[in-house]
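**Student:** Take a look at run-v3.txt, compact mmCIF, C-alpha atoms:
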# COMPACT_ATOMS: atom_id res chain seq x y z
CA MET A 1 4.21 10.78 36.19
CA ASN A 2 4.20 7.24 37.56
CA ALA A 3 7.35 5.13 37.68
CA ASP A 4 6.44 2.90 34.72
CA MET A 5 5.63 5.87 32.48
CA LYS A 6 8.81 7.63 33.51
CA LYS A 7 10.84 4.53 32.64
CA LEU A 8 9.31 4.45 29.16
CA GLU A 9 9.95 8.16 28.61
CA LEU A 10 13.57 7.70 29.66
CA SER A 11 13.94 4.74 27.31
CA ALA A 12 12.61 6.84 24.43
CA ASN A 13 15.12 9.55 25.30
CA SER A 14 17.97 7.03 25.39
CA ILE A 15 16.91 5.70 22.01
CA ARG A 16 16.93 9.21 20.55
CA GLN A 17 20.40 9.90 21.92
CA ASP A 18 21.70 6.64 20.50
CA VAL A 19 20.18 7.44 17.10
CA ILE A 20 22.08 10.75 17.02
CA ARG A 21 25.36 9.13 18.06
CA MET A 22 24.97 6.43 15.42
CA LEU A 23 24.25 8.85 12.61
CA VAL A 24 27.06 11.22 13.52
CA GLU A 25 29.52 8.32 13.56
CA SER A 26 28.24 6.81 10.30
CA LYS A 27 27.91 10.18 8.52
CA SER A 28 24.91 8.66 6.80
CA GLY A 29 21.34 7.66 7.63
CA HIS A 30 17.81 8.86 8.34
CA PRO A 31 17.22 10.92 11.48
CA ALA A 32 13.75 12.45 11.00
CA GLY A 33 11.66 9.29 11.06
CA SER A 34 13.94 7.54 13.52
CA LEU A 35 13.59 10.32 16.11
CA GLY A 36 9.87 10.69 15.49
CA MET A 37 9.21 7.00 16.14
CA ALA A 38 11.31 6.64 19.30
CA ASP A 39 8.31 6.78 21.65
CA ILE A 40 6.51 4.03 19.75
CA PHE A 41 9.56 1.78 19.67
CA ALA A 42 10.17 2.33 23.37
CA ALA A 43 6.56 1.40 24.11
CA LEU A 44 6.67 -1.69 21.91
CA TYR A 45 9.90 -3.16 23.27
CA MET A 46 9.55 -2.06 26.90
CA ASN A 47 5.83 -2.55 27.45
CA VAL A 48 3.61 -3.79 24.63
CA MET A 49 5.25 -6.73 22.88
CA ARG A 50 5.83 -10.19 24.28
CA HIS A 51 9.47 -11.01 23.59
CA ASP A 52 12.63 -12.25 25.29
CA PRO A 53 16.10 -10.89 24.39
CA GLU A 54 17.61 -14.05 25.90
CA LYS A 55 15.56 -16.15 23.46
CA PRO A 56 15.17 -14.07 20.29
CA GLN A 57 13.70 -17.01 18.35
CA TRP A 58 11.19 -17.92 21.07
CA ASP A 59 8.22 -19.32 19.19
CA ALA A 60 5.63 -17.49 21.33
CA ARG A 61 7.19 -14.05 20.72
CA ASP A 62 5.33 -11.21 19.06
CA ARG A 63 6.83 -10.27 15.71
CA LEU A 64 7.91 -6.77 14.67
CA VAL A 65 8.24 -6.16 10.94
CA LEU A 66 9.89 -2.92 9.87
CA SER A 67 8.54 -2.06 6.44
CA ASN A 68 10.11 1.40 6.14
CA GLY A 69 13.57 -0.05 6.61
CA HIS A 70 15.37 3.27 6.26
CA ILE A 71 14.43 4.18 9.86
CA CYS A 72 16.39 1.16 11.10
CA PRO A 73 18.52 3.34 13.43
CA VAL A 74 15.54 3.54 15.80
CA LEU A 75 15.02 -0.23 15.52
CA TYR A 76 18.68 -0.94 16.27
CA ALA A 77 18.68 1.51 19.17
CA ALA A 78 15.50 -0.04 20.61
CA LEU A 79 16.92 -3.56 20.32
CA ALA A 80 20.07 -2.44 22.14
CA GLU A 81 17.98 -0.65 24.77
CA ALA A 82 16.09 -3.93 25.27
CA ARG A 83 19.47 -5.73 25.61
CA TYR A 84 19.42 -7.84 22.48
CA PHE A 85 23.06 -6.80 22.02
CA GLY A 86 25.53 -4.32 23.50
CA LYS A 87 25.17 -0.63 22.76
CA ASP A 88 28.81 -0.45 21.67
CA LYS A 89 27.76 -2.19 18.46
CA LEU A 90 25.50 0.74 17.52
CA LEU A 91 28.48 2.86 16.49
CA THR A 92 29.22 0.40 13.66
CA LEU A 93 26.10 1.52 11.77
CA ARG A 94 26.60 1.40 7.99
CA LYS A 95 30.25 0.38 8.25
CA LEU A 96 31.63 -2.39 6.03
CA GLY A 97 31.18 -5.77 7.67
CA SER A 98 28.82 -4.47 10.33
CA PRO A 99 25.53 -6.31 10.97
CA LEU A 100 23.93 -2.86 11.36
CA GLN A 101 23.46 -2.02 7.71
CA GLY A 102 21.50 0.90 6.25
CA HIS A 103 18.48 -1.38 5.93
CA PRO A 104 17.87 -4.33 8.27
CA HIS A 105 18.85 -7.83 7.22
CA ARG A 106 17.16 -10.83 8.78
CA GLY A 107 19.68 -13.01 10.58
CA ALA A 108 22.33 -10.31 10.90
CA LEU A 109 21.22 -9.37 14.42
CA PRO A 110 19.06 -11.04 17.08
CA GLY A 111 15.54 -9.63 17.00
CA ILE A 112 15.47 -8.73 13.29
CA GLU A 113 12.41 -10.42 11.80
CA ASN A 114 12.64 -9.31 8.16
CA SER A 115 14.94 -7.86 5.55
CA SER A 116 13.59 -4.55 4.30
CA GLY A 117 14.41 -1.76 1.95
CA PRO A 118 12.00 -1.66 -1.00
CA LEU A 119 8.99 0.18 0.37
CA GLY A 120 5.59 -1.50 0.46
CA GLN A 121 6.89 -5.02 1.01
CA GLY A 122 7.02 -5.22 4.79
CA ILE A 123 3.24 -5.04 5.18
CA SER A 124 2.94 -7.98 2.77
CA GLN A 125 5.43 -9.96 4.87
CA ALA A 126 3.53 -9.06 8.02
CA VAL A 127 0.21 -10.18 6.53
CA GLY A 128 1.82 -13.50 5.62
CA MET A 129 3.12 -13.96 9.16
CA ALA A 130 -0.28 -13.12 10.63
CA ILE A 131 -1.99 -15.63 8.32
CA VAL A 132 0.43 -18.32 9.53
CA GLY A 133 -0.29 -17.37 13.14
CA LYS A 134 -4.03 -17.74 12.55
CA ARG A 135 -3.74 -21.06 10.73
CA GLU A 136 -1.50 -22.53 13.41
CA LYS A 137 -3.73 -21.16 16.17
CA LYS A 138 -0.90 -19.17 17.77
CA ASP A 139 -1.60 -16.28 20.10
CA TRP A 140 1.36 -14.13 19.12
CA ARG A 141 0.78 -10.84 17.33
CA VAL A 142 2.46 -9.12 14.40
CA TYR A 143 3.30 -5.42 14.56
CA THR A 144 4.45 -3.73 11.37
CA LEU A 145 5.73 -0.18 10.94
CA LEU A 146 5.15 1.81 7.75
CA GLY A 147 5.94 5.35 6.71
CA ASP A 148 3.08 7.47 5.40
CA GLY A 149 4.97 8.10 2.18
CA GLU A 150 5.17 4.35 1.78
CA LEU A 151 1.41 4.29 1.33
CA ASN A 152 2.05 5.63 -2.18
CA GLU A 153 2.96 2.03 -3.05
CA GLY A 154 0.09 0.04 -4.55
CA GLN A 155 1.43 -3.18 -3.03
CA ALA A 156 0.64 -1.86 0.43
CA TRP A 157 -3.06 -1.56 -0.40
CA GLU A 158 -3.13 -5.07 -1.88
CA ALA A 159 -1.79 -6.30 1.47
CA PHE A 160 -4.39 -4.27 3.38
CA MET A 161 -7.15 -5.94 1.35
CA LEU A 162 -5.71 -9.38 2.09
CA GLY A 163 -5.43 -8.62 5.81
CA ALA A 164 -9.12 -7.75 5.93
CA LYS A 165 -10.11 -10.84 3.92
CA TYR A 166 -8.58 -13.13 6.52
CA SER A 167 -9.85 -11.09 9.51
CA LEU A 168 -6.33 -10.77 10.89
CA ASP A 169 -7.02 -9.33 14.32
CA ASN A 170 -3.51 -10.51 15.27
CA LEU A 171 -2.06 -7.83 12.96
CA VAL A 172 -1.37 -4.19 13.82
CA ALA A 173 -0.04 -1.81 11.17
CA ILE A 174 1.43 1.37 12.63
CA ILE A 175 1.57 4.24 10.15
CA ASP A 176 4.16 6.91 10.91
CA ARG A 177 2.01 9.88 9.92
CA ASN A 178 4.74 12.51 10.01
CA ASN A 179 3.59 14.18 6.76
CA ILE A 180 7.02 14.18 5.11
CA GLN A 181 8.99 12.07 2.68
CA ILE A 182 12.24 12.47 0.81
CA ASP A 183 10.87 14.88 -1.83
CA GLY A 184 8.77 17.09 0.43
CA THR A 185 5.50 16.93 2.33
CA SER A 186 3.15 14.04 1.70
CA ASP A 187 0.45 16.53 0.70
CA ASP A 188 2.70 17.91 -2.03
CA VAL A 189 3.96 14.55 -3.28
CA LEU A 190 0.73 12.53 -3.17
CA PRO A 191 -2.07 13.47 -0.75
CA LEU A 192 -3.29 10.66 1.50
CA GLU A 193 -6.34 12.09 3.20
CA PRO A 194 -8.92 11.05 4.18
CA LEU A 195 -6.64 8.31 5.50
CA SER A 196 -8.82 6.95 8.32
CA GLU A 197 -11.77 6.55 5.98
CA LYS A 198 -9.60 4.75 3.44
CA PHE A 199 -8.51 2.14 5.99
CA GLN A 200 -12.08 1.74 7.22
CA SER A 201 -13.30 1.19 3.66
CA PHE A 202 -10.66 -1.54 3.32
CA GLY A 203 -12.16 -3.33 6.32
CA TRP A 204 -9.67 -2.29 9.00
CA ASN A 205 -10.19 -1.09 12.54
CA VAL A 206 -8.62 2.37 12.83
CA VAL A 207 -6.96 4.02 15.82
CA VAL A 208 -5.65 7.58 15.55
CA MET A 209 -3.17 8.64 18.20
CA ASP A 210 -0.44 11.12 19.10
CA GLY A 211 2.65 9.04 18.46
CA ASN A 212 4.84 11.30 20.60
CA ASN A 213 2.70 11.11 23.74
CA MET A 214 3.44 7.97 25.73
CA ASN A 215 0.04 7.85 27.42
CA ALA A 216 -1.67 8.10 24.03
CA VAL A 217 0.65 5.48 22.55
CA LEU A 218 -0.12 2.93 25.26
CA HIS A 219 -3.84 3.67 25.01
CA GLY A 220 -3.71 3.20 21.24
CA PHE A 221 -2.00 -0.17 21.52
CA GLY A 222 -4.57 -1.18 24.11
CA LEU A 223 -7.39 -0.38 21.70
CA ALA A 224 -5.67 -2.42 18.99
CA SER A 225 -5.28 -5.46 21.23
CA SER A 226 -8.95 -5.43 22.18
CA CYS A 227 -10.21 -5.42 18.59
CA GLU A 228 -11.63 -8.70 17.32
CA GLY A 229 -12.40 -9.84 13.79
CA LYS A 230 -10.34 -7.35 11.80
CA PRO A 231 -6.78 -5.99 11.61
CA THR A 232 -5.96 -2.62 13.15
CA ALA A 233 -4.30 0.36 11.50
CA ILE A 234 -2.82 2.78 14.00
CA ILE A 235 -2.34 6.20 12.43
CA ALA A 236 0.38 7.64 14.64
CA ASN A 237 0.70 11.39 14.25
CA THR A 238 4.37 12.11 14.88
CA VAL A 239 6.79 14.99 14.53
CA PRO A 240 9.75 14.13 12.29
CA GLY A 241 12.98 14.83 14.16
CA LYS A 242 11.13 14.89 17.50
CA GLY A 243 13.31 16.01 20.39
CA VAL A 244 15.80 17.98 18.31
CA SER A 245 14.50 21.50 17.71
CA PHE A 246 16.36 22.24 14.48
CA MET A 247 15.17 18.96 12.91
CA GLU A 248 11.52 18.96 13.97
CA GLY A 249 9.05 19.10 11.09
CA LYS A 250 11.68 19.56 8.38
CA PHE A 251 11.66 17.10 5.47
CA GLY A 252 15.27 17.99 4.68
CA TRP A 253 16.29 15.77 7.59
CA HIS A 254 14.55 12.74 6.13
CA GLY A 255 17.83 11.26 4.94
CA LYS A 256 20.57 13.67 6.01
CA SER A 257 22.77 12.78 8.96
CA PRO A 258 23.90 15.49 11.39
CA ASN A 259 27.54 16.53 11.35
CA LYS A 260 29.62 16.54 14.52
CA GLU A 261 28.58 20.04 15.60
CA GLU A 262 24.91 19.41 14.87
CA GLY A 263 25.15 16.11 16.73
CA GLU A 264 26.58 17.83 19.79
CA LEU A 265 23.77 20.38 19.75
CA ALA A 266 21.15 17.63 19.36
CA LEU A 267 22.60 15.60 22.23
CA LYS A 268 22.70 18.68 24.43
CA GLU A 269 18.96 19.22 23.90
CA LEU A 270 18.20 15.55 24.53
CA MET A 271 20.32 15.46 27.68
CA GLU A 272 18.54 18.53 29.01
CA ALA A 273 15.21 16.85 28.31
CA ARG A 274 16.43 13.77 30.16
CA LYS A 275 17.36 15.80 33.23
CA LYS A 276 13.85 17.22 33.34
CA LEU A 277 12.37 13.71 33.11
CA GLU A 278 14.63 12.42 35.86
CA ALA A 279 13.58 15.28 38.11
CA MET A 280 9.86 14.46 37.79
Go ahead and express the file in the form of structure tokens.

**Tutor:**
Amino acid sequence: MNADMKKLELSANSIRQDVIRMLVESKSGHPAGSLGMADIFAALYMNVMRHDPEKPQWDARDRLVLSNGHICPVLYAALAEARYFGKDKLLTLRKLGSPLQGHPHRGALPGIENSSGPLGQGISQAVGMAIVGKREKKDWRVYTLLGDGELNEGQAWEAFMLGAKYSLDNLVAIIDRNNIQIDGTSDDVLPLEPLSEKFQSFGWNVVVMDGNNMNAVLHGFGLASSCEGKPTAIIANTVPGKGVSFMEGKFGWHGKSPNKEEGELALKELMEARKKLEAM
């Protein structure tokens, strides 16, 4: 493992640990998707996106729009890892008066580009931003994160059609394909396959990748950045609860925070994983 890859893996591990600490302290929140997306958030903030924590409103920055706002613990942890604010603030998650609410609020924290909560709306916001970027001949890009269960929303597909109409090759939609949602598996609730073919039929470039393999993640983002003339949908196959054995693959952890004992067990596993990374 080269030094840059190791740094990204360690950042993803730190983000996962912070997610657990936040949720134990708040006694509320969504661990499964947050843990599953840690590798992608680490890659975006530490390698892929153009941004500056010292100048969060820098006009030339890439924009990140979180559509599935319930996984905001991973966004908050990634922003803190990137030094947008101190990590001590993470432990105020979901507390009264805290800027770290259960869904992100634009303006509450540096680096938050959109308010989110109702599913299906973030992709529409991202399409709007990308249209503005094209019209103003800017070279920044828009990255938007969606849950696979969120694709049940008709509004999302209206936005996908609009993105293709305007040939928004400055737009990347990352689908967290973890196959779960609050009521069960996505196959049981509302099957999505064949998902790649659906995006292709809507005029999108499609990249399928292992969202928990850092090499694959970086390669996938590279393919997205090289695409011209159409927006890119990255279907990121992830494991919900990744890194914590008793959470992995279980939809019951979609919106259930770990208690103190479960948190200690989760952190023990993550710390052991970190030691192995550091020894490489």

**Student:** Which one of A:Gly184, A:Pro56, A:Ala78, A:Val189 sits closest to Gly107 of chain A if you count all atoms listed in the file?

**Tutor:**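 Residue with the minimum atom-to-atom distance to Gly107 of chain A: A:Pro56.
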
**Student:** Would you compute the distance between atom CA of Leu8 of chain A and atom CA of Lys55 of chain A? Give it in Å to one decimal.

**Tutor:** 22.3 Å

**Student:** Separation of atom CA of Leu162 of chain A and atom CA of Ala60 of chain A, in Å?

**Tutor:**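 Interatomic distance, atom CA of Leu162 of chain A to atom CA of Ala60 of chain A: 23.8 Å.
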
**Student:** Would you mind telling me which residue in A:Leu270, A:Gly211, A:Ser26, A:Pro110 lies nearest to Trp58 of chain A when using only C-alpha atoms?

**Tutor:**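 That would be A:Pro110, the residue with the smallest distance to Trp58 of chain A.
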
**Student:** Between A:Asp39, A:Glu278, A:Asp183, A:Glu25, which is the closest to Asn215 of chain A once you count all atoms listed in the file?

**Tutor:**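 Result for the nearest residue to Asn215 of chain A: A:Asp39.
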
**Student:** Which is closer to Lys268 of chain A than all the others in A:Ile40, A:Pro104, A:Asn2, A:Asn13, using all atoms listed in the file?

**Tutor:**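 The closest residue to Lys268 of chain A is A:Asn13.
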
**Student:** Step by step: start from the point (-0.8, -3.0, 18.3) in the file's coordinates, keep every protein, DNA or RNA residue that has an atom no farther than 9 Å from it, count all atoms listed in the file, and write the set as a PDB file with C-alpha atoms, keeping the file's coordinate frame.

**Tutor:**
ATOM      1  CA  LEU A  44       6.670  -1.690  21.910  1.00  0.00           C
ATOM      2  CA  VAL A  48       3.610  -3.790  24.630  1.00  0.00           C
ATOM      3  CA  MET A  49       5.250  -6.730  22.880  1.00  0.00           C
ATOM      4  CA  ARG A 141       0.780 -10.840  17.330  1.00  0.00           C
ATOM      5  CA  VAL A 142       2.460  -9.120  14.400  1.00  0.00           C
ATOM      6  CA  TYR A 143       3.300  -5.420  14.560  1.00  0.00           C
ATOM      7  CA  THR A 144       4.450  -3.730  11.370  1.00  0.00           C
ATOM      8  CA  ASN A 170      -3.510 -10.510  15.270  1.00  0.00           C
ATOM      9  CA  LEU A 171      -2.060  -7.830  12.960  1.00  0.00           C
ATOM     10  CA  VAL A 172      -1.370  -4.190  13.820  1.00  0.00           C
ATOM     11  CA  ALA A 173      -0.040  -1.810  11.170  1.00  0.00           C
ATOM     12  CA  ILE A 174       1.430   1.370  12.630  1.00  0.00           C
ATOM     13  CA  GLY A 220      -3.710   3.200  21.240  1.00  0.00           C
ATOM     14  CA  PHE A 221      -2.000  -0.170  21.520  1.00  0.00           C
ATOM     15  CA  GLY A 222      -4.570  -1.180  24.110  1.00  0.00           C
ATOM     16  CA  LEU A 223      -7.390  -0.380  21.700  1.00  0.00           C
ATOM     17  CA  ALA A 224      -5.670  -2.420  18.990  1.00  0.00           C
ATOM     18  CA  SER A 225      -5.280  -5.460  21.230  1.00  0.00           C
ATOM     19  CA  THR A 232      -5.960  -2.620  13.150  1.00  0.00           C
ATOM     20  CA  ALA A 233      -4.300   0.360  11.500  1.00  0.00           C
ATOM     21  CA  ILE A 234      -2.820   2.780  14.000  1.00  0.00           C
TER      22      ILE A 234
END

**Student:** Could you tell me which of A:Ala216, A:Ile123, A:Phe251, A:Ala159 comes closest to Ile175 of chain A if we count all atoms listed in the file?

**Tutor:**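 Residue with the minimum atom-to-atom distance to Ile175 of chain A: A:Ile123.
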
**Student:** What's around Gln121 of chain A at 10 Å? Count all atoms listed in the file, leave out sequence neighbours fewer than 2 positions away in its own chain, and write the answer as a ChimeraX atom specification.

**Tutor:** /A:66-68,115-119,123-126,146,150,153,155-156,159

**Student:** For Leu90 of chain A, which residue among A:Arg21, A:Lys165, A:His51, A:Lys137 is the nearest when counting all atoms listed in the file?

**Tutor:** A:Arg21

**Student:** May I have the protein, DNA and RNA residues with any atom at most 9 Å from the point (18.9, 14.7, 5.0), counting all atoms listed in the file, written as a ChimeraX atom specification?

**Tutor:** /A:28-32,182,251-258

**Student:** I'd like the interatomic distance between atom CA of Ile20 of chain A and atom CA of Ala42 of chain A, to a tenth of an Å.

**Tutor:** 15.9 Å

**Student:** Residues at most 8 Å from Ile15 of chain A, counting all atoms listed in the file, excluding those fewer than 4 positions away in the same chain, as a list in words?

**Tutor:**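 Here the qualifying residues turn out to be Ser11, Val19, Ala38, Ala42, Val74, Ala77, Ala78 and Glu81 of chain A.
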
**Student:** As a PyMOL selection string, please: the residues near Asp176 of chain A (cut-off 7 Å, all atoms listed in the file, same-chain neighbours under 2 positions excluded).

**Tutor:** chain A and resi 146-148+174+178+235-238

**Student:** Can I get the selected residues back with C-alpha atoms, as a PDB file, keeping the file's coordinate frame?

**Tutor:**
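The result, written out as selection_20.pdb:
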ATOM      1  CA  LEU A 146       5.150   1.810   7.750  1.00  0.00           C
ATOM      2  CA  GLY A 147       5.940   5.350   6.710  1.00  0.00           C
ATOM      3  CA  ASP A 148       3.080   7.470   5.400  1.00  0.00           C
ATOM      4  CA  ILE A 174       1.430   1.370  12.630  1.00  0.00           C
ATOM      5  CA  ASN A 178       4.740  12.510  10.010  1.00  0.00           C
ATOM      6  CA  ILE A 235      -2.340   6.200  12.430  1.00  0.00           C
ATOM      7  CA  ALA A 236       0.380   7.640  14.640  1.00  0.00           C
ATOM      8  CA  ASN A 237       0.700  11.390  14.250  1.00  0.00           C
ATOM      9  CA  THR A 238       4.370  12.110  14.880  1.00  0.00           C
TER      10      THR A 238
END

**Student:** Could you name the residues that touch Phe202 of chain A at 7 Å or less, counting all atoms listed in the file, but leaving out those on the same chain fewer than 5 positions away, as a ChimeraX atom specification?

**Tutor:** /A:160-161,164

**Student:** Please dump the current selection as a tab-separated table (two decimals), keeping the file's coordinate frame; keep C-alpha atoms.

**Tutor:**
chain	number	residue	atom	x	y	z
A	160	PHE	CA	-4.39	-4.27	3.38
A	161	MET	CA	-7.15	-5.94	1.35
A	164	ALA	CA	-9.12	-7.75	5.93

**Student:** Just the residues within 12 Å of Glu193 of chain A, please, counting only C-alpha atoms, with nothing from its chain fewer than 5 positions along; format it as a list in words.

**Tutor:**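 Result of the neighbour search: Asp148, Leu151, Asn152, Arg177, Asn179, Ser186, Asp187, Asp188, Lys198, Phe199 and Ile235 of chain A.
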